[in-house]
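Raw my_file36.cif, mmCIF, C-alpha atoms:
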```cif
data_entry
#
loop_
_atom_site.label_atom_id
_atom_site.label_comp_id
_atom_site.auth_asym_id
_atom_site.auth_seq_id
_atom_site.Cartn_x
_atom_site.Cartn_y
_atom_site.Cartn_z
CA MET E 1 0.00 0.00 0.00
CA VAL E 2 1.29 3.43 -0.91
CA ASP E 3 0.15 6.72 0.59
CA GLU E 4 0.86 8.83 -2.49
CA GLU E 5 -0.27 12.04 -0.81
CA ASN E 6 2.59 11.77 1.69
CA ASN E 7 4.93 9.63 -0.46
CA LEU E 8 4.86 6.89 2.20
CA ILE E 9 5.14 3.13 1.76
CA PHE E 10 3.47 0.58 4.04
CA ILE E 11 6.09 -1.81 5.46
CA GLY E 12 4.53 -3.47 8.48
CA VAL E 13 2.45 -3.30 11.63
CA VAL E 14 3.48 -2.63 15.23
CA GLY E 15 3.18 -5.79 17.30
CA ASN E 16 3.34 -6.37 21.03
CA ALA E 17 5.30 -4.38 23.55
CA LYS E 18 8.55 -6.10 24.45
CA GLY E 19 9.95 -5.64 27.92
CA LEU E 20 9.33 -2.76 30.28
CA LYS E 21 11.31 0.08 28.68
CA GLY E 22 9.18 0.90 25.63
CA ASN E 23 10.43 -1.55 23.01
CA VAL E 24 7.95 -2.83 20.41
CA GLN E 25 7.97 -5.80 18.07
CA LEU E 26 7.48 -5.04 14.41
CA ASN E 27 5.68 -7.31 11.97
CA TYR E 28 7.95 -6.27 9.10
CA PHE E 29 6.92 -7.33 5.59
CA SER E 30 10.48 -7.86 4.42
CA LYS E 31 13.34 -9.94 5.74
CA ASP E 32 16.05 -7.51 4.60
CA LEU E 33 18.04 -7.03 7.80
CA ILE E 34 20.36 -4.42 6.33
CA LYS E 35 17.45 -2.31 5.07
CA PHE E 36 15.62 -2.67 8.40
CA LYS E 37 18.65 -1.38 10.31
CA SER E 38 19.03 1.58 7.93
CA TYR E 39 15.67 3.15 8.92
CA LYS E 40 16.17 6.17 11.18
CA TYR E 41 12.49 6.99 11.57
CA LEU E 42 9.07 5.50 10.79
CA TYR E 43 5.54 6.88 10.39
CA LEU E 44 2.80 5.25 12.45
CA GLY E 45 -0.96 4.99 12.22
CA GLU E 46 -3.60 6.96 10.39
CA LYS E 47 -2.06 10.28 11.39
CA LYS E 48 1.35 9.13 10.08
CA GLU E 49 3.05 10.23 13.31
CA LYS E 50 6.81 10.42 12.68
CA LEU E 51 8.81 8.56 15.32
CA LYS E 52 12.60 8.51 15.43
CA ILE E 53 14.21 5.12 16.05
CA GLN E 54 16.64 4.94 18.94
CA LYS E 55 17.70 1.31 18.51
CA HIS E 56 16.99 -1.69 16.26
CA PHE E 57 16.88 -5.26 17.57
CA ILE E 58 17.06 -8.34 15.37
CA SER E 59 16.77 -11.87 16.70
CA GLY E 60 16.38 -14.54 14.02
CA ASP E 61 13.30 -13.51 12.03
CA SER E 62 12.05 -11.22 14.79
CA PHE E 63 12.36 -7.45 14.54
CA SER E 64 11.86 -4.98 17.36
CA LEU E 65 12.54 -1.30 17.96
CA LYS E 66 13.05 1.29 20.62
CA PHE E 67 11.69 4.71 19.66
CA PHE E 68 12.89 7.92 21.27
CA ASN E 69 10.26 9.26 23.72
CA ILE E 70 8.55 5.87 24.15
CA ASN E 71 9.89 4.84 27.55
CA SER E 72 7.40 2.50 29.19
CA ARG E 73 5.55 -0.70 28.42
CA GLU E 74 2.27 1.24 28.55
CA GLU E 75 3.46 3.74 25.93
CA ALA E 76 4.68 0.87 23.73
CA GLU E 77 1.35 -0.96 24.09
CA SER E 78 -0.47 2.17 22.87
CA LEU E 79 1.29 1.70 19.50
CA LYS E 80 0.11 -1.88 18.97
CA ASN E 81 -1.62 -2.64 15.64
CA ARG E 82 -0.69 0.70 14.08
CA ASP E 83 0.38 0.52 10.44
CA VAL E 84 4.04 1.35 9.85
CA PHE E 85 5.25 3.40 6.88
CA ILE E 86 8.55 4.67 5.57
CA ASP E 87 9.20 7.68 3.38
CA SER E 88 9.92 6.50 -0.15
CA ASN E 89 13.26 8.32 -0.05
CA GLN E 90 14.38 5.75 2.55
CA LEU E 91 14.30 3.05 -0.12
CA GLY E 92 17.56 2.04 -1.72
CA LYS E 93 18.28 1.75 -5.41
CA LEU E 94 17.52 -1.64 -6.95
CA ASP E 95 19.18 -3.46 -9.83
CA ASP E 96 17.61 -3.40 -13.29
CA GLU E 97 15.59 -6.60 -12.80
CA SER E 98 14.04 -5.63 -9.45
CA TRP E 99 11.12 -3.37 -8.58
CA TYR E 100 9.40 -2.17 -5.47
CA HIS E 101 5.78 -3.27 -5.28
CA SER E 102 4.76 0.38 -5.01
CA GLU E 103 6.25 0.99 -8.48
CA LEU E 104 4.08 -1.74 -10.01
CA VAL E 105 0.71 -1.23 -8.33
CA GLY E 106 -1.48 0.90 -10.59
CA LEU E 107 0.37 0.10 -13.82
CA SER E 108 -1.74 -0.71 -16.87
CA VAL E 109 -1.53 -4.34 -17.95
CA GLU E 110 -1.27 -5.13 -21.64
CA THR E 111 -0.69 -8.27 -23.66
CA LEU E 112 2.24 -8.65 -26.03
CA GLY E 113 -0.17 -7.72 -28.83
CA GLY E 114 -0.84 -4.34 -27.21
CA ASN E 115 -4.33 -5.12 -25.91
CA LEU E 116 -5.13 -3.32 -22.64
CA ILE E 117 -6.60 -5.91 -20.27
CA GLY E 118 -6.52 -4.26 -16.84
CA GLU E 119 -4.49 -2.78 -14.02
CA VAL E 120 -2.11 -4.13 -11.35
CA LYS E 121 -4.04 -3.93 -8.07
CA ALA E 122 -1.65 -5.67 -5.65
CA ILE E 123 1.30 -7.99 -5.31
CA TYR E 124 1.30 -10.83 -2.81
CA ASN E 125 3.73 -13.44 -1.63
CA PHE E 126 2.22 -16.48 0.07
CA GLY E 127 5.58 -18.22 0.38
CA ALA E 128 6.12 -19.64 -3.10
CA GLY E 129 6.97 -16.41 -4.94
CA ASP E 130 5.29 -13.17 -5.87
CA ILE E 131 1.78 -13.17 -7.33
CA ILE E 132 0.37 -10.20 -9.25
CA GLU E 133 -3.31 -9.36 -8.79
CA ILE E 134 -4.79 -7.83 -11.94
CA LYS E 135 -8.21 -6.20 -12.09
CA LEU E 136 -9.38 -6.89 -15.62
CA ILE E 137 -11.39 -4.34 -17.59
CA SER E 138 -14.40 -6.64 -17.10
CA GLY E 139 -14.04 -6.16 -13.32
CA LYS E 140 -12.91 -9.75 -12.79
CA ILE E 141 -9.78 -10.31 -10.68
CA GLU E 142 -6.98 -12.52 -12.02
CA MET E 143 -3.81 -13.57 -10.26
CA ILE E 144 -0.69 -14.57 -12.16
CA PRO E 145 2.78 -15.59 -11.01
CA PHE E 146 5.34 -12.81 -11.18
CA THR E 147 7.76 -14.81 -13.34
CA LYS E 148 9.32 -14.36 -16.76
CA ASP E 149 6.94 -17.04 -18.06
CA PHE E 150 4.00 -14.68 -17.51
CA VAL E 151 5.43 -11.15 -17.22
CA GLN E 152 7.20 -10.30 -20.45
CA ASP E 153 8.26 -6.70 -19.79
CA ILE E 154 7.86 -3.87 -17.31
CA GLU E 155 7.92 -0.22 -18.30
CA ILE E 156 7.99 1.65 -14.99
CA ASN E 157 5.56 4.60 -14.85
CA ASN E 158 3.77 3.14 -17.86
CA LYS E 159 2.74 -0.51 -18.17
CA LEU E 160 3.33 -4.15 -17.42
CA ILE E 161 3.25 -6.48 -20.40
CA ILE E 162 2.14 -10.08 -19.96
CA LYS E 163 1.70 -13.06 -22.23
CA GLU E 164 -1.74 -13.59 -23.78
CA MET E 165 -4.36 -14.88 -21.35
CA ASP E 166 -7.99 -15.89 -21.46
CA ASN E 167 -10.29 -13.12 -20.21
#
```
Translate this file's structure into structure tokens.
Amino acid sequence: MVDEENNLIFIGVVGNAKGLKGNVQLNYFSKDLIKFKSYKYLYLGEKKEKLKIQKHFISGDSFSLKFFNINSREEAESLKNRDVFIDSNQLGKLDDESWYHSELVGLSVETLGGNLIGEVKAIYNFGAGDIIEIKLISGKIEMIPFTKDFVQDIEINNKLIIKEMDN
């Protein structure tokens, strides 16, 4: 999910408080430890409150944080279930064959023959690779694997081109 008005990208949800000194667990939608540790601040909740990170904690697949000015378990618990966003300028540069989901959502979807068939609505990963959700012009929803077998080309800021499919 992208908050285009504020140029923010949804990256997770605040989980439980951890300990007594204001630490919180983060249900982070990536496993990129280096990227996680590079964040200096996050935006939380509907109001997109900007909180500066004091310390990052990583234990296996578990991520937690200590924010400045959150100093008790009670304060940490008040953050639970808030959506977590980063400013898009906190994202690093990717190689030529990689894209952020936020760059793909909203792109027009065309076939190799140039027929407009719909729009990218979302990208999911249920554990076996990325899946692209396409809302067809008919209103029907289709999901296709995000692989070279199905996705033939991507023109960022323009369109995603896929192989022919039955509508």
Draw an axis-aligned box over all listed atoms of segment 142-158 of chain E, pad each side with 4 Å, and write its centre and edge lengths in Å, one decimal, as JSON.
```
{"center_x": 1.2, "center_y": -6.2, "center_z": -15.4, "size_x": 24.3, "size_y": 29.6, "size_z": 18.2}
```
Please expand the PyMOL selection byres ((chain E and resi 58) around 12) into the concrete residues it hits in this file, giving the result as a JSON list (two decimals) with C-alpha atoms, in the coordinates of the input.
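expr.json written:
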```json
[["chain", "number", "residue", "atom", "x", "y", "z"],
["E", 24, "VAL", "CA", 7.95, -2.83, 20.41],
["E", 25, "GLN", "CA", 7.97, -5.80, 18.07],
["E", 26, "LEU", "CA", 7.48, -5.04, 14.41],
["E", 27, "ASN", "CA", 5.68, -7.31, 11.97],
["E", 28, "TYR", "CA", 7.95, -6.27, 9.10],
["E", 31, "LYS", "CA", 13.34, -9.94, 5.74],
["E", 32, "ASP", "CA", 16.05, -7.51, 4.60],
["E", 33, "LEU", "CA", 18.04, -7.03, 7.80],
["E", 34, "ILE", "CA", 20.36, -4.42, 6.33],
["E", 35, "LYS", "CA", 17.45, -2.31, 5.07],
["E", 36, "PHE", "CA", 15.62, -2.67, 8.40],
["E", 37, "LYS", "CA", 18.65, -1.38, 10.31],
["E", 55, "LYS", "CA", 17.70, 1.31, 18.51],
["E", 56, "HIS", "CA", 16.99, -1.69, 16.26],
["E", 57, "PHE", "CA", 16.88, -5.26, 17.57],
["E", 59, "SER", "CA", 16.77, -11.87, 16.70],
["E", 60, "GLY", "CA", 16.38, -14.54, 14.02],
["E", 61, "ASP", "CA", 13.30, -13.51, 12.03],
["E", 62, "SER", "CA", 12.05, -11.22, 14.79],
["E", 63, "PHE", "CA", 12.36, -7.45, 14.54],
["E", 64, "SER", "CA", 11.86, -4.98, 17.36],
["E", 65, "LEU", "CA", 12.54, -1.30, 17.96],
["E", 66, "LYS", "CA", 13.05, 1.29, 20.62]]
```
List the residues sitting within 9 Å of (-5.8, 0.5, -9.5) in the file's frame, using all atoms listed in the file, as a VMD selection string. chain E and resid 105 to 108 118 to 122 134 to 135
Interatomic distance, atom CA of Ile117 of chain E to atom CA of Lys163 of chain E (Å, one decimal):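 Distance between the two atoms: 11.1 Å.
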Given the file shown, determine the residues that the PyMOL selection byres ((chain E and resi 41) around 6) selects; report them as a VMD selection string. chain E and resid 39 to 40 42 51 to 53
Give me a file of those residues, with C-alpha atoms, as a PDB file, in the frame of the given file.
```
ATOM      1  CA  TYR E  39      15.670   3.150   8.920  1.00  0.00           C
ATOM      2  CA  LYS E  40      16.170   6.170  11.180  1.00  0.00           C
ATOM      3  CA  LEU E  42       9.070   5.500  10.790  1.00  0.00           C
ATOM      4  CA  LEU E  51       8.810   8.560  15.320  1.00  0.00           C
ATOM      5  CA  LYS E  52      12.600   8.510  15.430  1.00  0.00           C
ATOM      6  CA  ILE E  53      14.210   5.120  16.050  1.00  0.00           C
TER       7      ILE E  53
END
```
Find the residue from E:Phe126, E:Phe146, E:Phe10, E:Phe68 that sits nearest to Phe85 of chain E; use all atoms listed in the file when measuring. E:Phe10
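Remark: for Ser72 of chain E, the closest of the candidate residues E:Lys21, E:Lys93, E:Lys47, E:Lys159 is E:Lys21 (distances computed over all atoms listed in the file).
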What is the distance, in Å and to one decimal place, between atom CA of Arg82 of chain E and atom CA of Tyr100 of chain E?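 Distance between the two atoms: 22.2 Å.
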Apply the PyMOL selection byres ((chain E and resi 151) around 8) to the displayed file and report the matching residues as a ChimeraX atom specification. /E:146-150,152-154,160-163
Determine the nearest neighbour of Val13 of chain E from the options E:Asp83, E:Glu49, E:Glu142, E:Glu75, counting all atoms listed in the file.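 Smallest distance to Val13 of chain E is found for E:Asp83.
The nearest approach to Gly45 of chain E among the residues E:Ser88, E:Ser78, E:Asn16, E:Asn69, with all atoms listed in the file taken into account, belongs to E:Ser78.
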My list of candidates is E:Leu44, E:Leu112, E:Ala17, E:Ala128. Which is closest to Ile86 of chain E when distances are computed with all atoms listed in the file? E:Leu44
Could you jot down the atom CA of Gly113 of chain E to atom CA of Trp99 of chain E separation for me, Å, one decimal place? 23.6 Å
Nearest residue to Asp130 of chain E out of E:Leu8, E:His101, E:Glu110, E:Asn157, using all atoms listed in the file? E:His101
